[in-house]
Amino acid sequence: MSIKQQVSDLQNVLVSENAQLHHIKPHGALYNLAAKDKKTARVIIEVIKSIADPIKLYAPFNSVIAKIAKEEHIEVKYEAFADRNYNNDLSLVSRKNTGAVLHEKEAVLYHVLSMIKHQKVKSLSGVEVAIKASTICVHGDTQNVI
C-alpha cells in the first residue's frame, strides 16, 4: 500500500470521527531512510503537499526530509528520541548495535535534558553534537519505559 493511500485511509477515519490530522511522521525504516535519502523524502513531502489542510512534519533535525519540507513551506517540528543513542551525524544508532537503546531512567532524563536545555546530544562515541528538538519520542516497547 502506498504512503498516499495510507494517509488517505487515515483521513477517512478521521473524518468519520470528526477529528483532524495534525502531523505526519514516517515510522521506522522509512523515517530513517527519508532522513538521508532525497528520493524517499520527496515522496513523503509530495503526499503532505497533496493534503488540503496544512500538516506539520515530525522529522529529525538537520535531516534531508526536514530541509526539503522547509523549502516547500511545510512546518517542521524537530523530533528527538528520549531512549535512543545517536551517531555523530545525528542518525540513530542501529538497534543491531550494543548501546543503541537507553534503558536506565537517569540516562534517558540526562539525554532529554541535554537536548532541550543545551541543544546538544552526546553521541554514542562521546562527541557532543548540536541538535534541536520540539517534540520527543519515547518508544513504548523499551524496557523500563514506565
# chains A, B, ... in the order shown; residues from 1 in each chain; ligands from 1
>>> residues_around(residues="Phe61 of chain A", least_positions_apart="6", cutoff="9 Å", atoms="only C-alpha atoms", output="list in words")
Ala35, Lys67, Lys77, Tyr78, Glu79, Ala80, Leu90, Ile131, Lys132 and Ala133 of chain A
>>> select_by_dssp(residues="chain A", states="helix (DSSP H, G or I)", output="ChimeraX atom specification")
/A:3-16,28-34,38-49,64-71,105-117
>>> atom_distance(atom1="atom CA of Lys49 of chain A", atom2="atom CA of Ala29 of chain A")
21.8 Å
>>> residues_around(residues="Asn88 of chain A", least_positions_apart="6", cutoff="12 Å", atoms="only C-alpha atoms", output="JSON, numbers by chain")
{"A": [120, 121, 122, 123, 124, 125, 126, 127, 128, 129, 130, 131]}
>>> write_last_selection(atoms="C-alpha atoms", output="PDB file, in the first residue's frame")
ATOM      1  CA  LYS A 120      23.216  19.123  22.341  1.00  0.00           C
ATOM      2  CA  VAL A 121      23.242  15.369  22.409  1.00  0.00           C
ATOM      3  CA  LYS A 122      26.176  13.173  23.299  1.00  0.00           C
ATOM      4  CA  SER A 123      26.702  10.632  20.528  1.00  0.00           C
ATOM      5  CA  LEU A 124      27.486   7.028  21.302  1.00  0.00           C
ATOM      6  CA  SER A 125      31.154   7.803  20.610  1.00  0.00           C
ATOM      7  CA  GLY A 126      31.070  10.612  23.208  1.00  0.00           C
ATOM      8  CA  VAL A 127      31.003  13.612  20.847  1.00  0.00           C
ATOM      9  CA  GLU A 128      28.573  16.423  21.722  1.00  0.00           C
ATOM     10  CA  VAL A 129      26.517  17.269  18.638  1.00  0.00           C
ATOM     11  CA  ALA A 130      24.165  20.237  18.155  1.00  0.00           C
ATOM     12  CA  ILE A 131      20.516  19.218  17.956  1.00  0.00           C
TER      13      ILE A 131
END
>>> residues_around(residues="Leu57 of chain A", least_positions_apart="5", cutoff="9 Å", atoms="only C-alpha atoms", output="list of chain:residue names")
A:His22, A:His23, A:Ile24, A:Lys25, A:Pro26, A:Ile45, A:Ile48, A:Ala66, A:Ala69, A:Ile74, A:Glu75, A:Val76, A:Lys77, A:Tyr78
>>> select_by_dssp(residues="segment 14-121 of chain A", states="strand (DSSP E)", output="list in words")
His23, Ile24, Lys56, Leu57, Tyr58, Ala59, Pro60, Val76, Lys77, Tyr78, Glu79, Ala80, Phe81, Lys120 and Val121 of chain A
>>> residues_around(residues="segment 107-114 of chain A", least_positions_apart="3", cutoff="9 Å", atoms="only C-alpha atoms", output="list in words")
Ala80, Phe81, Ala82, Asp83, Arg84, Asn85, Leu102, His103, Glu104, Lys117, His118, Gln119, Lys120, Val121, Lys122 and Ile136 of chain A
>>> closest_residue(among="A:Tyr86, A:Pro60, A:Cys137, A:Lys4", to="Lys36 of chain A", atoms="only C-alpha atoms")
A:Pro60
>>> residues_around(residues="Gln5 of chain A", least_positions_apart="5", cutoff="12 Å", atoms="only C-alpha atoms", output="PyMOL selection string")
chain A and resi 10-12+44+47-48+50-51
>>> decode(residues="segment 5-144 of chain A", atoms="C-alpha atoms", output="CSV table (one decimal), in the first residue's frame")
chain,number,residue,atom,x,y,z
A,5,GLN,CA,-3.1,5.6,0.2
A,6,GLN,CA,-2.3,5.1,3.9
A,7,VAL,CA,-2.7,8.8,4.6
A,8,SER,CA,-5.9,8.9,2.6
A,9,ASP,CA,-7.3,5.9,4.6
A,10,LEU,CA,-6.3,7.7,7.8
A,11,GLN,CA,-8.0,10.9,6.7
A,12,ASN,CA,-11.2,8.9,6.0
A,13,VAL,CA,-11.2,7.5,9.6
A,14,LEU,CA,-10.5,11.0,11.0
A,15,VAL,CA,-13.4,12.5,9.1
A,16,SER,CA,-15.7,9.8,10.4
A,17,GLU,CA,-14.5,10.6,13.9
A,18,ASN,CA,-14.8,14.4,13.4
A,19,ALA,CA,-11.0,14.7,14.0
A,20,GLN,CA,-8.2,16.4,12.1
A,21,LEU,CA,-4.8,15.3,11.0
A,22,HIS,CA,-2.2,17.2,13.0
A,23,HIS,CA,1.1,15.9,11.7
A,24,ILE,CA,2.8,13.2,9.6
A,25,LYS,CA,5.7,11.2,11.0
A,26,PRO,CA,7.1,8.4,8.9
A,27,HIS,CA,7.8,5.3,11.0
A,28,GLY,CA,10.8,3.0,11.5
A,29,ALA,CA,13.0,2.3,8.5
A,30,LEU,CA,11.0,4.7,6.3
A,31,TYR,CA,11.7,7.5,8.8
A,32,ASN,CA,15.4,6.7,8.9
A,33,LEU,CA,15.6,6.4,5.1
A,34,ALA,CA,13.8,9.7,4.5
A,35,ALA,CA,16.2,11.4,6.9
A,36,LYS,CA,19.0,10.9,4.4
A,37,ASP,CA,17.6,9.9,1.0
A,38,LYS,CA,16.2,12.7,-1.2
A,39,LYS,CA,14.0,10.5,-3.3
A,40,THR,CA,12.3,9.0,-0.3
A,41,ALA,CA,12.0,12.3,1.4
A,42,ARG,CA,10.4,13.9,-1.7
A,43,VAL,CA,7.7,11.2,-1.9
A,44,ILE,CA,6.7,11.9,1.6
A,45,ILE,CA,6.7,15.7,1.0
A,46,GLU,CA,4.6,15.3,-2.1
A,47,VAL,CA,2.0,13.4,0.0
A,48,ILE,CA,2.0,16.1,2.6
A,49,LYS,CA,1.6,18.8,-0.1
A,50,SER,CA,-1.4,16.9,-1.5
A,51,ILE,CA,-3.4,17.4,1.7
A,52,ALA,CA,-5.7,20.4,1.7
A,53,ASP,CA,-5.1,21.4,5.3
A,54,PRO,CA,-1.7,22.5,6.5
A,55,ILE,CA,0.0,19.5,8.1
A,56,LYS,CA,3.2,19.5,10.2
A,57,LEU,CA,6.0,17.1,9.6
A,58,TYR,CA,7.9,15.5,12.5
A,59,ALA,CA,11.4,14.9,11.4
A,60,PRO,CA,15.0,14.8,12.7
A,61,PHE,CA,17.0,18.0,13.0
A,62,ASN,CA,19.3,18.6,10.0
A,63,SER,CA,17.8,15.8,8.0
A,64,VAL,CA,17.2,15.7,4.3
A,65,ILE,CA,13.5,15.5,4.7
A,66,ALA,CA,13.4,18.4,7.1
A,67,LYS,CA,15.4,20.6,4.7
A,68,ILE,CA,13.1,19.7,1.7
A,69,ALA,CA,10.0,20.3,3.8
A,70,LYS,CA,11.2,23.8,4.8
A,71,GLU,CA,11.9,24.5,1.1
A,72,GLU,CA,8.4,23.5,0.3
A,73,HIS,CA,7.0,25.7,3.2
A,74,ILE,CA,5.9,22.8,5.3
A,75,GLU,CA,6.1,23.4,9.0
A,76,VAL,CA,8.7,21.0,10.6
A,77,LYS,CA,8.7,20.0,14.2
A,78,TYR,CA,12.2,18.6,15.0
A,79,GLU,CA,11.9,15.3,16.7
A,80,ALA,CA,14.4,13.7,19.1
A,81,PHE,CA,14.4,10.3,20.7
A,82,ALA,CA,14.5,10.0,24.5
A,83,ASP,CA,15.5,6.4,24.6
A,84,ARG,CA,17.8,6.1,21.6
A,85,ASN,CA,21.5,6.9,21.2
A,86,TYR,CA,22.8,8.9,18.2
A,87,ASN,CA,25.8,8.7,15.9
A,88,ASN,CA,27.9,11.7,15.2
A,89,ASP,CA,25.8,12.6,12.1
A,90,LEU,CA,22.6,12.6,14.2
A,91,SER,CA,21.4,9.3,12.7
A,92,LEU,CA,20.1,6.8,15.3
A,93,VAL,CA,22.5,4.0,16.3
A,94,SER,CA,21.2,0.8,14.7
A,95,ARG,CA,19.2,-1.4,17.1
A,96,LYS,CA,21.6,-4.2,16.0
A,97,ASN,CA,24.4,-2.4,17.8
A,98,THR,CA,25.1,-2.5,21.5
A,99,GLY,CA,24.1,0.7,23.2
A,100,ALA,CA,21.5,1.7,20.6
A,101,VAL,CA,18.7,1.9,23.3
A,102,LEU,CA,18.9,3.7,26.6
A,103,HIS,CA,17.3,1.6,29.4
A,104,GLU,CA,18.2,3.5,32.6
A,105,LYS,CA,15.8,6.2,33.6
A,106,GLU,CA,18.5,8.5,34.7
A,107,ALA,CA,20.3,8.2,31.3
A,108,VAL,CA,17.1,9.0,29.5
A,109,LEU,CA,16.5,12.0,31.7
A,110,TYR,CA,20.0,13.4,31.1
A,111,HIS,CA,19.8,12.7,27.4
A,112,VAL,CA,16.5,14.6,27.1
A,113,LEU,CA,17.5,17.5,29.4
A,114,SER,CA,20.7,18.0,27.4
A,115,MET,CA,18.8,18.2,24.1
A,116,ILE,CA,16.2,20.6,25.5
A,117,LYS,CA,18.4,22.8,27.8
A,118,HIS,CA,21.6,22.8,25.8
A,119,GLN,CA,20.5,21.8,22.3
A,120,LYS,CA,23.2,19.1,22.3
A,121,VAL,CA,23.2,15.4,22.4
A,122,LYS,CA,26.2,13.2,23.3
A,123,SER,CA,26.7,10.6,20.5
A,124,LEU,CA,27.5,7.0,21.3
A,125,SER,CA,31.2,7.8,20.6
A,126,GLY,CA,31.1,10.6,23.2
A,127,VAL,CA,31.0,13.6,20.8
A,128,GLU,CA,28.6,16.4,21.7
A,129,VAL,CA,26.5,17.3,18.6
A,130,ALA,CA,24.2,20.2,18.2
A,131,ILE,CA,20.5,19.2,18.0
A,132,LYS,CA,17.1,20.9,18.1
A,133,ALA,CA,14.0,19.2,19.4
A,134,SER,CA,10.5,20.5,19.7
A,135,THR,CA,9.0,17.0,20.2
A,136,ILE,CA,10.4,14.0,22.0
A,137,CYS,CA,9.6,10.4,21.0
A,138,VAL,CA,9.6,7.7,23.7
A,139,HIS,CA,9.2,4.2,22.5
A,140,GLY,CA,6.5,2.3,24.3
A,141,ASP,CA,8.3,-1.0,23.8
A,142,THR,CA,11.5,0.0,25.5
A,143,GLN,CA,12.4,-1.8,28.8
A,144,ASN,CA,11.7,0.4,31.9
